[in-house]
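Dumped final_35.cif below, it's mmCIF, C-alpha atoms and all ligand atoms:
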data_work
#
loop_
_atom_site.label_atom_id
_atom_site.label_comp_id
_atom_site.auth_asym_id
_atom_site.auth_seq_id
_atom_site.Cartn_x
_atom_site.Cartn_y
_atom_site.Cartn_z
CA MET A 24 3.07 2.17 -20.52
CA THR A 25 -0.64 2.81 -20.91
CA GLY A 26 -2.20 1.97 -24.24
CA GLU A 27 -0.22 -1.24 -24.49
CA ALA A 28 -2.20 -4.41 -23.82
CA PRO A 29 -1.59 -5.75 -20.31
CA LEU A 30 0.53 -8.87 -19.81
CA LEU A 31 -1.74 -10.17 -17.10
CA SER A 32 -5.38 -9.28 -16.85
CA ALA A 33 -7.66 -10.44 -14.04
CA ARG A 34 -11.38 -9.73 -13.83
CA ASP A 35 -13.65 -10.40 -10.88
CA LEU A 36 -11.57 -13.23 -9.43
CA HIS A 37 -13.14 -15.29 -6.69
CA LYS A 38 -11.47 -17.92 -4.54
CA THR A 39 -12.90 -19.50 -1.41
CA TYR A 40 -11.11 -21.91 0.91
CA GLY A 41 -13.30 -21.94 3.99
CA PRO A 42 -16.35 -20.04 5.17
CA THR A 43 -15.06 -16.59 4.13
CA PRO A 44 -13.74 -15.85 0.63
CA ALA A 45 -9.99 -15.31 0.22
CA LEU A 46 -10.66 -13.40 -3.01
CA ASP A 47 -14.00 -11.67 -3.36
CA GLY A 48 -14.08 -10.11 -6.81
CA VAL A 49 -10.60 -8.83 -7.63
CA SER A 50 -9.78 -7.12 -10.92
CA MET A 51 -6.36 -5.84 -11.88
CA ASP A 52 -3.91 -5.63 -14.76
CA VAL A 53 -0.15 -6.01 -14.84
CA ARG A 54 1.66 -4.36 -17.74
CA ALA A 55 5.07 -5.18 -19.16
CA GLY A 56 7.87 -3.74 -17.07
CA GLU A 57 5.78 -2.39 -14.24
CA ILE A 58 6.36 -3.15 -10.58
CA VAL A 59 3.06 -3.51 -8.74
CA ALA A 60 3.03 -3.80 -4.98
CA VAL A 61 0.21 -5.83 -3.43
CA MET A 62 -0.32 -4.54 0.11
CA GLY A 63 -2.78 -5.15 2.90
CA PRO A 64 -3.10 -6.73 6.33
CA SER A 65 -2.42 -10.37 7.10
CA GLY A 66 -5.12 -12.64 5.72
CA SER A 67 -6.46 -10.04 3.27
CA GLY A 68 -5.73 -12.32 0.29
CA LYS A 69 -2.41 -10.99 -1.04
CA SER A 70 -0.74 -14.38 -1.47
CA THR A 71 -3.93 -15.95 -2.83
CA LEU A 72 -4.13 -13.20 -5.47
CA MET A 73 -0.47 -13.70 -6.36
CA HIS A 74 -0.92 -17.47 -6.61
CA CYS A 75 -3.91 -17.01 -8.92
CA LEU A 76 -2.10 -14.50 -11.16
CA ALA A 77 0.88 -16.86 -11.35
CA GLY A 78 -1.20 -19.86 -12.36
CA ILE A 79 -0.43 -21.75 -9.14
CA VAL A 80 -3.97 -21.62 -7.75
CA ARG A 81 -7.03 -21.84 -9.98
CA PRO A 82 -9.69 -19.26 -9.07
CA ASP A 83 -13.26 -20.49 -8.52
CA ALA A 84 -14.68 -17.82 -10.82
CA GLY A 85 -13.61 -14.84 -12.88
CA GLU A 86 -11.45 -14.23 -15.93
CA LEU A 87 -7.70 -14.41 -16.05
CA ARG A 88 -5.50 -13.95 -19.10
CA TYR A 89 -1.76 -13.96 -19.63
CA ARG A 90 -1.08 -12.35 -23.03
CA ASP A 91 -3.55 -14.20 -25.26
CA ARG A 92 -3.88 -17.26 -23.02
CA ASN A 93 -6.82 -18.05 -20.78
CA LEU A 94 -5.36 -19.20 -17.46
CA ILE A 95 -8.70 -20.40 -16.12
CA THR A 96 -9.27 -23.00 -18.82
CA ALA A 97 -5.60 -23.91 -19.43
CA SER A 98 -4.63 -27.45 -18.41
CA ASP A 99 -2.36 -28.07 -15.43
CA ALA A 100 0.46 -28.99 -17.82
CA GLU A 101 0.04 -25.74 -19.78
CA ARG A 102 -0.01 -23.73 -16.60
CA SER A 103 3.13 -25.32 -15.22
CA ALA A 104 4.98 -24.86 -18.53
CA LEU A 105 3.96 -21.20 -18.43
CA ARG A 106 5.29 -20.85 -14.89
CA ARG A 107 8.64 -22.37 -15.88
CA ARG A 108 9.12 -20.36 -19.07
CA GLU A 109 7.48 -16.99 -18.48
CA PHE A 110 7.45 -16.47 -14.72
CA GLY A 111 10.03 -16.26 -11.95
CA PHE A 112 9.37 -16.67 -8.24
CA VAL A 113 10.88 -15.35 -5.02
CA PHE A 114 9.43 -16.32 -1.65
CA GLN A 115 10.02 -15.12 1.89
CA PHE A 116 12.40 -17.95 2.69
CA GLY A 117 14.48 -18.43 -0.47
CA GLN A 118 13.31 -22.03 -0.89
CA LEU A 119 16.58 -23.06 -2.43
CA VAL A 120 17.35 -26.77 -2.78
CA PRO A 121 19.63 -27.50 0.21
CA GLU A 122 21.59 -30.31 -1.49
CA LEU A 123 22.66 -28.14 -4.44
CA THR A 124 25.25 -25.37 -4.49
CA CYS A 125 24.02 -21.81 -4.99
CA LEU A 126 25.27 -21.90 -8.58
CA GLU A 127 23.41 -25.17 -9.24
CA ASN A 128 20.27 -23.70 -7.63
CA VAL A 129 20.33 -20.72 -9.97
CA ALA A 130 21.04 -22.96 -12.97
CA LEU A 131 18.19 -25.34 -12.06
CA PRO A 132 15.33 -23.58 -13.90
CA LEU A 133 17.44 -23.61 -17.09
CA ARG A 134 18.37 -27.29 -16.66
CA MET A 135 14.65 -28.10 -16.29
CA GLU A 136 14.11 -26.43 -19.65
CA GLY A 137 16.79 -28.66 -21.20
CA VAL A 138 19.65 -26.15 -21.34
CA ARG A 139 23.03 -27.94 -21.27
CA ARG A 140 24.85 -27.85 -17.97
CA GLY A 141 27.83 -25.71 -19.07
CA GLU A 142 25.60 -23.09 -20.67
CA ALA A 143 23.15 -23.10 -17.72
CA GLU A 144 25.94 -22.58 -15.19
CA ARG A 145 27.54 -19.86 -17.27
CA ARG A 146 24.25 -17.93 -17.28
CA ALA A 147 23.71 -18.68 -13.58
CA ALA A 148 27.16 -17.28 -12.75
CA HIS A 149 26.29 -14.10 -14.65
CA TRP A 150 23.17 -13.58 -12.50
CA LEU A 151 24.97 -14.34 -9.25
CA ASP A 152 27.41 -11.64 -10.25
CA ARG A 153 24.58 -9.18 -11.04
CA LEU A 154 23.14 -9.80 -7.58
CA ASP A 155 26.57 -9.31 -6.03
CA VAL A 156 26.82 -12.85 -4.63
CA ALA A 157 29.33 -14.41 -7.05
CA ASP A 158 31.44 -15.40 -4.05
CA VAL A 159 28.86 -17.89 -2.72
CA ALA A 160 28.50 -19.82 -6.01
CA GLY A 161 30.11 -22.98 -4.65
CA LYS A 162 28.43 -22.89 -1.23
CA ARG A 163 25.24 -24.68 -0.23
CA PRO A 164 22.23 -22.57 0.91
CA GLY A 165 22.80 -23.65 4.53
CA GLN A 166 26.25 -22.04 4.43
CA VAL A 167 25.18 -18.53 3.38
CA SER A 168 23.46 -15.69 5.25
CA GLY A 169 19.77 -14.92 4.87
CA GLY A 170 20.52 -11.83 2.81
CA GLN A 171 22.87 -13.72 0.49
CA GLY A 172 20.35 -16.55 0.16
CA GLN A 173 17.61 -14.13 -0.89
CA ARG A 174 19.88 -12.63 -3.53
CA VAL A 175 20.61 -16.13 -4.82
CA ALA A 176 16.84 -16.70 -4.94
CA VAL A 177 16.39 -13.48 -6.95
CA ALA A 178 19.14 -14.63 -9.35
CA ARG A 179 17.28 -17.93 -9.79
CA ALA A 180 14.03 -16.08 -10.49
CA LEU A 181 15.68 -13.93 -13.17
CA VAL A 182 17.88 -16.54 -14.87
CA THR A 183 15.20 -17.61 -17.38
CA ASP A 184 14.62 -13.98 -18.40
CA PRO A 185 10.96 -14.13 -17.30
CA ALA A 186 8.27 -11.67 -18.35
CA VAL A 187 6.90 -11.50 -14.80
CA VAL A 188 8.54 -12.08 -11.42
CA PHE A 189 6.23 -12.90 -8.53
CA ALA A 190 7.76 -12.03 -5.16
CA ASP A 191 5.92 -12.85 -1.93
CA GLU A 192 7.44 -10.94 1.02
CA PRO A 193 10.93 -11.27 -0.52
CA THR A 194 12.48 -9.26 2.30
CA GLY A 195 10.23 -10.55 5.07
CA ALA A 196 13.01 -12.48 6.81
CA LEU A 197 15.74 -9.84 6.37
CA ASP A 198 16.87 -6.83 8.39
CA SER A 199 16.33 -3.42 6.79
CA LEU A 200 19.83 -3.10 5.35
CA ASN A 201 19.67 -6.49 3.61
CA GLY A 202 16.06 -5.95 2.60
CA GLU A 203 17.08 -2.69 0.97
CA LEU A 204 19.94 -4.38 -0.89
CA VAL A 205 17.66 -7.12 -2.25
CA MET A 206 15.06 -4.58 -3.37
CA ARG A 207 17.61 -2.27 -4.96
CA LEU A 208 19.27 -5.07 -6.94
CA LEU A 209 15.93 -6.65 -7.91
CA THR A 210 14.50 -3.37 -9.18
CA GLU A 211 17.72 -2.45 -11.02
CA CYS A 212 17.70 -5.80 -12.82
CA VAL A 213 14.04 -5.77 -13.80
CA GLU A 214 14.21 -2.17 -14.97
CA GLN A 215 16.99 -3.09 -17.37
CA SER A 216 15.29 -6.23 -18.66
CA GLY A 217 11.74 -4.82 -18.76
CA THR A 218 10.48 -7.55 -16.45
CA ALA A 219 7.21 -6.92 -14.61
CA VAL A 220 7.07 -7.64 -10.88
CA VAL A 221 4.12 -8.50 -8.66
CA LEU A 222 5.51 -7.64 -5.25
CA VAL A 223 3.52 -8.85 -2.24
CA THR A 224 4.51 -6.97 0.90
CA HIS A 225 2.99 -5.41 3.97
CA GLU A 226 6.04 -3.17 4.43
CA PRO A 227 5.64 0.35 3.03
CA ALA A 228 9.41 0.80 2.65
CA VAL A 229 9.46 -2.24 0.35
CA ALA A 230 6.34 -1.17 -1.53
CA ALA A 231 8.13 2.15 -2.15
CA TYR A 232 10.23 0.37 -4.80
CA SER A 233 7.07 -0.23 -6.86
CA HIS A 234 5.51 1.98 -9.52
CA ARG A 235 2.05 1.65 -8.01
CA GLU A 236 0.24 -0.29 -5.33
CA VAL A 237 -2.98 -2.20 -4.92
CA VAL A 238 -4.24 -2.44 -1.36
CA MET A 239 -6.28 -5.44 -0.30
CA ARG A 240 -8.72 -5.86 2.54
CA ASP A 241 -11.01 -8.83 3.10
CA GLY A 242 -10.34 -10.29 -0.34
CA ARG A 243 -11.02 -7.09 -2.24
CA ILE A 244 -8.87 -4.31 -3.68
CA ARG A 245 -9.46 -1.06 -1.86
CA THR A 246 -7.72 1.54 -3.94
CA SER A 247 -5.15 1.76 -6.64
CA ALA A 248 -3.91 4.30 -9.08
CA GLY A 249 -4.35 1.72 -11.84
CA MET A 250 -7.54 0.26 -10.46
CA VAL A 251 -9.91 -1.38 -12.90
CA GLN A 252 -13.27 0.26 -12.38
CA MET B 3 -5.22 21.00 12.13
CA SER B 4 -7.78 23.34 10.64
CA LEU B 5 -10.14 24.62 13.33
CA SER B 6 -12.52 26.24 10.87
CA HIS B 7 -12.98 22.99 8.92
CA THR B 8 -13.44 21.06 12.14
CA LEU B 9 -16.11 23.42 13.44
CA LEU B 10 -17.81 23.36 10.04
CA GLY B 11 -17.81 19.56 10.12
CA LEU B 12 -19.42 19.55 13.55
CA LEU B 13 -22.02 22.08 12.39
CA GLU B 14 -22.89 19.84 9.48
CA ARG B 15 -24.71 17.57 11.91
CA GLY B 16 -27.11 20.38 12.80
CA PRO B 17 -27.25 24.04 13.86
CA ARG B 18 -25.58 24.88 17.17
CA HIS B 19 -24.74 27.74 19.47
CA GLY B 20 -21.11 28.64 19.88
CA TYR B 21 -21.19 27.30 23.42
CA ASP B 22 -22.42 23.85 22.34
CA LEU B 23 -19.90 23.78 19.53
CA LYS B 24 -17.06 24.30 21.98
CA GLN B 25 -18.41 21.55 24.27
CA GLU B 26 -18.67 19.15 21.37
CA PHE B 27 -15.22 20.00 20.05
CA ASP B 28 -13.67 19.45 23.48
CA ALA B 29 -15.45 16.12 23.89
CA GLN B 30 -14.22 14.77 20.53
CA PHE B 31 -10.86 16.45 20.00
CA GLY B 32 -9.93 18.59 22.99
CA GLN B 33 -8.22 15.85 25.01
CA ASP B 34 -5.12 17.87 25.75
CA ARG B 35 -6.16 21.31 24.57
CA PRO B 36 -9.72 22.51 25.17
CA LEU B 37 -10.78 25.47 22.98
CA HIS B 38 -11.13 29.01 24.26
CA TYR B 39 -14.47 30.68 23.63
CA GLY B 40 -12.57 33.47 21.91
CA GLN B 41 -11.22 31.03 19.31
CA VAL B 42 -14.67 29.65 18.64
CA TYR B 43 -16.31 33.03 18.15
CA ALA B 44 -13.45 34.41 16.07
CA THR B 45 -13.61 31.36 13.82
CA LEU B 46 -17.40 31.53 13.52
CA ALA B 47 -17.17 35.23 12.63
CA ARG B 48 -14.75 34.41 9.82
CA LEU B 49 -16.91 31.54 8.57
CA LEU B 50 -19.91 33.86 8.63
CA LYS B 51 -18.07 36.50 6.63
CA ASN B 52 -17.05 33.89 4.03
CA GLY B 53 -20.60 32.59 3.71
CA LEU B 54 -19.78 29.12 5.00
CA VAL B 55 -22.17 29.44 7.95
CA GLU B 56 -25.21 31.59 8.62
CA VAL B 57 -27.08 32.66 11.72
CA ASP B 58 -30.32 30.72 11.71
CA ALA B 59 -31.75 31.91 15.03
CA VAL B 60 -31.08 34.61 17.63
CA GLU B 61 -32.32 34.23 21.20
CA HIS B 62 -32.84 37.33 23.29
CA GLY B 63 -32.72 36.16 26.87
CA GLY B 64 -31.80 38.01 30.01
CA GLY B 65 -28.10 38.29 29.15
CA PRO B 66 -26.41 38.90 25.81
CA GLU B 67 -28.10 37.57 22.69
CA ARG B 68 -27.26 34.00 21.69
CA LYS B 69 -26.79 33.22 18.03
CA ARG B 70 -27.36 29.80 16.59
CA TYR B 71 -25.18 28.95 13.60
CA ALA B 72 -26.01 26.69 10.65
CA ILE B 73 -23.74 25.45 7.90
CA THR B 74 -24.47 26.67 4.36
CA ALA B 75 -24.29 24.67 1.13
CA SER B 76 -20.87 26.12 0.35
CA GLY B 77 -19.83 25.25 3.90
CA VAL B 78 -20.76 21.62 3.27
CA SER B 79 -18.78 21.49 0.05
CA ASP B 80 -15.83 23.13 1.82
CA VAL B 81 -15.79 20.37 4.46
CA ALA B 82 -16.20 17.68 1.82
CA LYS B 83 -13.27 19.05 -0.15
CA TRP B 84 -11.05 19.24 2.92
CA LEU B 85 -11.89 15.69 3.96
CA SER B 86 -11.27 14.23 0.52
CA GLN B 87 -7.85 15.81 0.00
CA PRO B 88 -4.80 14.10 1.50
CA GLU B 89 -2.72 16.06 3.96
CA ARG B 90 0.79 16.89 2.86
CA PRO B 91 2.73 13.91 4.16
CA GLU B 92 4.99 15.04 6.96
CA ALA B 93 5.81 13.96 10.46
CA TYR B 94 3.28 14.36 13.26
CA LEU B 95 0.19 15.04 11.23
CA ASN B 96 -1.78 12.34 12.97
CA SER B 97 -3.93 14.73 14.96
CA THR B 98 -5.24 16.24 11.73
CA LEU B 99 -5.90 12.80 10.31
CA TYR B 100 -7.63 11.73 13.50
CA THR B 101 -9.85 14.81 13.28
CA LYS B 102 -10.73 14.06 9.66
CA VAL B 103 -11.55 10.45 10.40
CA VAL B 104 -13.78 11.33 13.35
CA LEU B 105 -15.59 14.04 11.37
CA ALA B 106 -16.17 11.60 8.52
CA LEU B 107 -17.66 9.08 10.95
CA LEU B 108 -19.83 11.79 12.55
CA THR B 109 -21.12 13.09 9.23
CA GLY B 110 -21.69 9.70 7.64
CA ARG B 111 -18.87 9.94 5.10
CA ASP B 112 -16.49 7.16 4.06
CA ALA B 113 -13.76 7.32 6.71
CA ALA B 114 -11.84 4.42 5.17
CA ALA B 115 -11.55 6.40 1.93
CA ILE B 116 -9.80 9.22 3.81
CA LEU B 117 -7.21 6.73 5.05
CA ASP B 118 -6.85 5.25 1.55
CA VAL B 119 -6.20 8.64 -0.02
CA GLN B 120 -3.67 9.48 2.68
CA ARG B 121 -1.91 6.13 2.31
CA ALA B 122 -1.52 6.74 -1.42
CA ALA B 123 -0.08 10.22 -0.80
CA HIS B 124 2.37 8.83 1.76
CA LEU B 125 3.47 6.03 -0.54
CA ASP B 126 4.01 8.45 -3.41
CA LEU B 127 6.37 10.50 -1.28
CA MET B 128 8.12 7.33 -0.06
CA ARG B 129 8.65 6.31 -3.69
CA GLU B 130 10.19 9.65 -4.50
CA LEU B 131 12.50 9.46 -1.46
CA THR B 132 13.45 5.87 -2.31
CA ARG B 133 14.38 6.90 -5.85
CA ARG B 134 16.42 9.80 -4.56
CA LYS B 135 18.13 7.52 -2.08
CA THR B 136 19.12 4.87 -4.63
CA ARG B 137 20.55 7.52 -6.99
CA GLY B 138 22.35 9.57 -4.38
CA ASP B 139 25.32 9.20 -2.10
CA LEU B 140 25.45 8.07 1.52
CA ALA B 141 24.42 11.49 2.86
CA ASP B 142 21.34 11.49 0.62
CA ALA B 143 20.53 7.97 1.75
CA LEU B 144 20.69 8.84 5.43
CA ILE B 145 18.61 11.98 5.03
CA CYS B 146 15.99 10.19 2.93
CA ASP B 147 15.89 7.26 5.36
CA HIS B 148 15.03 9.57 8.22
CA ALA B 149 12.04 10.91 6.32
CA ILE B 150 11.08 7.41 5.14
CA PHE B 151 11.01 6.04 8.70
CA HIS B 152 8.71 8.85 9.83
CA LEU B 153 6.36 8.22 6.93
CA GLU B 154 6.44 4.53 7.84
CA ALA B 155 5.29 5.36 11.36
CA ASP B 156 2.37 7.36 9.94
CA LEU B 157 1.47 4.46 7.68
CA ARG B 158 1.46 2.03 10.59
CA TRP B 159 -0.94 4.34 12.36
CA LEU B 160 -3.11 4.50 9.21
CA GLU B 161 -3.29 0.70 9.03
CA LEU B 162 -4.13 0.29 12.70
CA THR B 163 -6.77 3.01 12.48
CA SER B 164 -8.35 1.51 9.41
CA ALA B 165 -8.50 -1.86 11.18
CA ARG B 166 -10.24 -0.17 14.14
CA LEU B 167 -12.72 2.06 12.28
CA ASP B 168 -15.77 0.12 13.41
CA ARG B 169 -14.84 0.49 17.07
CA LEU B 170 -13.97 4.16 16.62
CA ALA B 171 -17.33 4.76 14.93
CA GLU B 172 -19.13 3.28 17.94
CA LYS B 173 -17.13 5.44 20.31
CA VAL B 174 -17.55 8.81 18.58
CA ARG B 175 -21.25 8.30 17.90
CA SER B 176 -22.06 7.28 21.44
N1 LIG C 1 -4.28 -23.17 1.12
C1 LIG C 1 -5.21 -22.63 1.91
N2 LIG C 1 -6.12 -23.38 2.56
C2 LIG C 1 -7.06 -22.83 3.33
N3 LIG C 1 -7.20 -21.50 3.54
C3 LIG C 1 -6.34 -20.69 2.92
C4 LIG C 1 -5.28 -21.20 2.07
N4 LIG C 1 -4.58 -20.14 1.61
C5 LIG C 1 -5.16 -19.04 2.13
N5 LIG C 1 -6.21 -19.36 2.91
C6 LIG C 1 -7.07 -18.39 3.62
O1 LIG C 1 -7.40 -17.35 2.72
C7 LIG C 1 -7.33 -16.07 3.34
C8 LIG C 1 -6.30 -15.20 2.61
O2 LIG C 1 -5.02 -15.77 2.82
P1 LIG C 1 -3.70 -15.22 2.13
O3 LIG C 1 -2.63 -16.19 2.43
O4 LIG C 1 -3.97 -14.93 0.71
O5 LIG C 1 -3.49 -13.87 2.93
P2 LIG C 1 -2.22 -12.86 2.92
O6 LIG C 1 -2.78 -11.51 2.65
O7 LIG C 1 -1.18 -13.37 2.01
O8 LIG C 1 -1.76 -12.92 4.44
P3 LIG C 1 -0.25 -12.86 5.07
O9 LIG C 1 0.13 -11.39 5.05
O10 LIG C 1 -0.45 -13.34 6.46
O11 LIG C 1 0.64 -13.71 4.24
C9 LIG C 1 -6.98 -16.34 4.79
O12 LIG C 1 -8.16 -16.33 5.54
C10 LIG C 1 -6.35 -17.71 4.77
O13 LIG C 1 -6.57 -18.37 5.99
MG MG C 2 0.80 -14.10 2.33
#
Would you put the structure from the file into C-alpha cells?
Amino acid sequence: MTGEAPLLSARDLHKTYGPTPALDGVSMDVRAGEIVAVMGPSGSGKSTLMHCLAGIVRPDAGELRYRDRNLITASDAERSALRRREFGFVFQFGQLVPELTCLENVALPLRMEGVRRGEAERRAAHWLDRLDVADVAGKRPGQVSGGQGQRVAVARALVTDPAVVFADEPTGALDSLNGELVMRLLTECVEQSGTAVVLVTHEPAVAAYSHREVVMRDGRIRTSAGMVQ
Amino acid sequence: MSLSHTLLGLLERGPRHGYDLKQEFDAQFGQDRPLHYGQVYATLARLLKNGLVEVDAVEHGGGPERKRYAITASGVSDVAKWLSQPERPEAYLNSTLYTKVVLALLTGRDAAAILDVQRAAHLDLMRELTRRKTRGDLADALICDHAIFHLEADLRWLELTSARLDRLAEKVRS
C-alpha cells in the first residue's frame, strides 16, 4: 500500500471550539483500502478529527486534501457533494430515518444521487443481504434490534460504493457479540471492495479490526505506525 | 520483572550502597515483597561482572567494608534499551510495566512513551488474534477471545495509568 498516493492527507490541522483546542496540529494520511482506527480518551478530539477528514467540519488551519481536491478551500456545496458520492458514514446510533423502511433507508443515498427507485432498491437489497439482515428489509428502524439496525446502517454506508467509510463508535451501543458481528461484516465488505475506513473507537477489541491505529490525546496524535513525522 | 534492570535504573539517579538500594527498591516497588539483602548483593555482583556497574568508593569502618556502586555508561544504555522495548504482551505483566513507568519518571525519561510502545505491541497481538478468530472455527474463537479479553484488561490499565502519569510522578518523586 505504501508508495501509492494517499486518498486523504491532513497536515497540521487545527480546530478550536472553546478555550482549549479540539485539534492541535494533527497530521495523518489515509490510503486506499486501509482501515485506520482513531483511538484515545473521551474528549481527545477523535470525532472532531473524523469530522474534519470527512469534510463535515472545516478546520481553522492546516492542509487537507482528498485525492487532488483541497477540502479547506472547497465550497460547502462541493464538500457535501463529495460526502454523498465518495464517503459513507456510520454513527454510534444508526441514525436511520424512522419513517422509512430499512430497505428505503439503505436505498436513500442512491435516490439522493438520482438513481431510479427500482434500481436503488435492488442494490439496497443486495447490501442488506451482504450484512445478513435481508429479513428486516420491510421493517422500520424502530422495529429492529440495535445490532440489526447497525448492520442496516453499515449497508447504507456501503451502498454508494464509497472510497472511504467514516465510522464513529459504530459498535458503541452494542453488546460484544453484536459488536463483533458488525465489525466482522464491515471489514469483510470493505476488504473485498477496497474501501478505506476511518474507525473511531475507544475499544481495543474494535480497533483490533484495523490495520493500524492513531492514538489521540489532547487534540494531538501520540503515536502511530504510519505517523507523519 | 527484571531485578537487575530495576536496580540499574535506581542507580542511574546516583551511586548508592547496597543497603540504600534495597531501601529504595522496597519503598518504590516492594509493597508486597521486600527484597532480601542476598538478592541485592547477588544481583550487584552480576552487574559488576558484566561491567554495568562499578565500585566507586569503599568505606572501611568498624565492621565489614561497605562498597558504593555506580552505574556505568553501558549500564545506562542497558536500562534505556530495556525501558524502550515493549514487554511481550501476556496476562499479568502489569507489575513489570509499573516498574518501568516509575523508573522512567525517576530518571527523567518519557514515561508516556513506554505506555505508547506497549499499547502498540498489545494492539498488534490483538489484531493477530482477531484475524485468527475470524478465520477459524468456534473453538479458535473462544480460545482467542480469552486472550483478547486479558489483553483488553491490560490496555485499560495502560489508559488509566497514562491519564494519571502526572499524579504518579508527584508521588514517586516525593
Ligand atoms: N460542536 C462542538 N462545540 C463545542 N465544542 C466541541 C464541539 N465538538 C467537540 N467539542 C469539544 O472538542 C473537544 C474534542 O471533542 P471530540 O468530540 O472530538 O472528542 P472525542 O475524542 O470524540 O470524545 P468522545 O470519545 O467522548 O466522543 C472536546 O473538548 C469537546 O468538548
Ligand atoms: Mg466522539
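For chain B, the residues having at least one atom no farther than 7 Å from chain A, when counting all atoms listed in the file, are Asp118, Leu125, Met128, Arg129, Thr132 and Glu154 of chain B.
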Self-check item: Surroundings of ligand MG 2 (chain C) up to 9 Å, based on all atoms listed in the file, as number ranges by chain
Solution: A: 65-71, 73, 191-192, 223-224
Selection export as an mmCIF file, keeping the file's coordinate frame, atoms kept: C-alpha atoms:
data_model
loop_
_atom_site.group_PDB
_atom_site.id
_atom_site.type_symbol
_atom_site.label_atom_id
_atom_site.label_comp_id
_atom_site.auth_asym_id
_atom_site.auth_seq_id
_atom_site.Cartn_x
_atom_site.Cartn_y
_atom_site.Cartn_z
ATOM 1 C CA SER A 65 -2.420 -10.370 7.100
ATOM 2 C CA GLY A 66 -5.120 -12.640 5.720
ATOM 3 C CA SER A 67 -6.460 -10.040 3.270
ATOM 4 C CA GLY A 68 -5.730 -12.320 0.290
ATOM 5 C CA LYS A 69 -2.410 -10.990 -1.040
ATOM 6 C CA SER A 70 -0.740 -14.380 -1.470
ATOM 7 C CA THR A 71 -3.930 -15.950 -2.830
ATOM 8 C CA MET A 73 -0.470 -13.700 -6.360
ATOM 9 C CA ASP A 191 5.920 -12.850 -1.930
ATOM 10 C CA GLU A 192 7.440 -10.940 1.020
ATOM 11 C CA VAL A 223 3.520 -8.850 -2.240
ATOM 12 C CA THR A 224 4.510 -6.970 0.900
#
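The coordinates place CA of Ala186 (chain A) at 18.7 Å from CA of Arg134 (chain A).
CA of Thr194 (chain A) sits 27.2 Å away from CA of Asp47 (chain A).
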Quiz item: Distance CA of Ala45 (chain A)-atom C9 of ligand LIG 1 (chain C), one decimal place?
Solution: 5.6 Å
Quiz prompt | Surrounding residues of Pro17 (chain B) excluding itself and chain neighbours under 5 positions, 10 Å, only C-alpha atoms, as a list in words | solution = Leu12, Asp22, Leu23, Val55, Glu56, Val57, Asp58, Ala59, Arg70, Tyr71, Ala72 and Ile73 of chain B
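When all atoms listed in the file are used to measure the gap to Ala178 (chain A), the shortest distance among A:His74, A:His149, A:Arg107, A:Arg34 belongs to A:His149.
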Practice problem: With a distance cut-off of 10 Å and only C-alpha atoms, select the neighbouring residues of Arg121 (chain B), excluding the residue or stretch itself and same-chain residues fewer than 3 positions from it, and output the selection as a PyMOL selection string. | Solution: (chain A and resi 227+238+246) or (chain B and resi 88+91+115-118+124-126+153+156-158+160-161)
List the neighbours of Leu46 (chain A) out to 10 Å using all atoms listed in the file; skip same-chain residues closer than 4 positions along the sequence, and give me the result as a PDB file with C-alpha atoms, in the frame of the given file.
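Final output, selection_11.pdb:
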ATOM      1  CA  ASP A  35     -13.650 -10.400 -10.880  1.00  0.00           C
ATOM      2  CA  LEU A  36     -11.570 -13.230  -9.430  1.00  0.00           C
ATOM      3  CA  HIS A  37     -13.140 -15.290  -6.690  1.00  0.00           C
ATOM      4  CA  LYS A  38     -11.470 -17.920  -4.540  1.00  0.00           C
ATOM      5  CA  THR A  39     -12.900 -19.500  -1.410  1.00  0.00           C
ATOM      6  CA  TYR A  40     -11.110 -21.910   0.910  1.00  0.00           C
ATOM      7  CA  SER A  67      -6.460 -10.040   3.270  1.00  0.00           C
ATOM      8  CA  GLY A  68      -5.730 -12.320   0.290  1.00  0.00           C
ATOM      9  CA  LYS A  69      -2.410 -10.990  -1.040  1.00  0.00           C
ATOM     10  CA  THR A  71      -3.930 -15.950  -2.830  1.00  0.00           C
ATOM     11  CA  LEU A  72      -4.130 -13.200  -5.470  1.00  0.00           C
ATOM     12  CA  CYS A  75      -3.910 -17.010  -8.920  1.00  0.00           C
ATOM     13  CA  PRO A  82      -9.690 -19.260  -9.070  1.00  0.00           C
ATOM     14  CA  ASP A  83     -13.260 -20.490  -8.520  1.00  0.00           C
ATOM     15  CA  ALA A  84     -14.680 -17.820 -10.820  1.00  0.00           C
ATOM     16  CA  MET A 239      -6.280  -5.440  -0.300  1.00  0.00           C
ATOM     17  CA  ARG A 240      -8.720  -5.860   2.540  1.00  0.00           C
ATOM     18  CA  ASP A 241     -11.010  -8.830   3.100  1.00  0.00           C
ATOM     19  CA  GLY A 242     -10.340 -10.290  -0.340  1.00  0.00           C
ATOM     20  CA  ARG A 243     -11.020  -7.090  -2.240  1.00  0.00           C
ATOM     21  CA  ILE A 244      -8.870  -4.310  -3.680  1.00  0.00           C
TER      22      ILE A 244
END
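In this comparison, which uses all atoms listed in the file, the residue of B:Gln87, B:Glu14, B:Ala113, B:His19 approaching Thr74 (chain B) most closely is B:Glu14.
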Would you mind listing what lies within 10 Å of Val220 (chain A) as a tab-separated table (two decimals) with C-alpha atoms, keeping the file's coordinate frame, with all atoms listed in the file counted and same-chain residues fewer than 5 positions away left out?
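Contents of the output file result_21.tsv:
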chain	number	residue	atom	x	y	z
A	53	VAL	CA	-0.15	-6.01	-14.84
A	54	ARG	CA	1.66	-4.36	-17.74
A	55	ALA	CA	5.07	-5.18	-19.16
A	56	GLY	CA	7.87	-3.74	-17.07
A	57	GLU	CA	5.78	-2.39	-14.24
A	58	ILE	CA	6.36	-3.15	-10.58
A	59	VAL	CA	3.06	-3.51	-8.74
A	60	ALA	CA	3.03	-3.80	-4.98
A	110	PHE	CA	7.45	-16.47	-14.72
A	111	GLY	CA	10.03	-16.26	-11.95
A	112	PHE	CA	9.37	-16.67	-8.24
A	185	PRO	CA	10.96	-14.13	-17.30
A	186	ALA	CA	8.27	-11.67	-18.35
A	187	VAL	CA	6.90	-11.50	-14.80
A	188	VAL	CA	8.54	-12.08	-11.42
A	189	PHE	CA	6.23	-12.90	-8.53
A	190	ALA	CA	7.76	-12.03	-5.16
A	209	LEU	CA	15.93	-6.65	-7.91
A	210	THR	CA	14.50	-3.37	-9.18
A	213	VAL	CA	14.04	-5.77	-13.80
A	214	GLU	CA	14.21	-2.17	-14.97
A	233	SER	CA	7.07	-0.23	-6.86
A	234	HIS	CA	5.51	1.98	-9.52
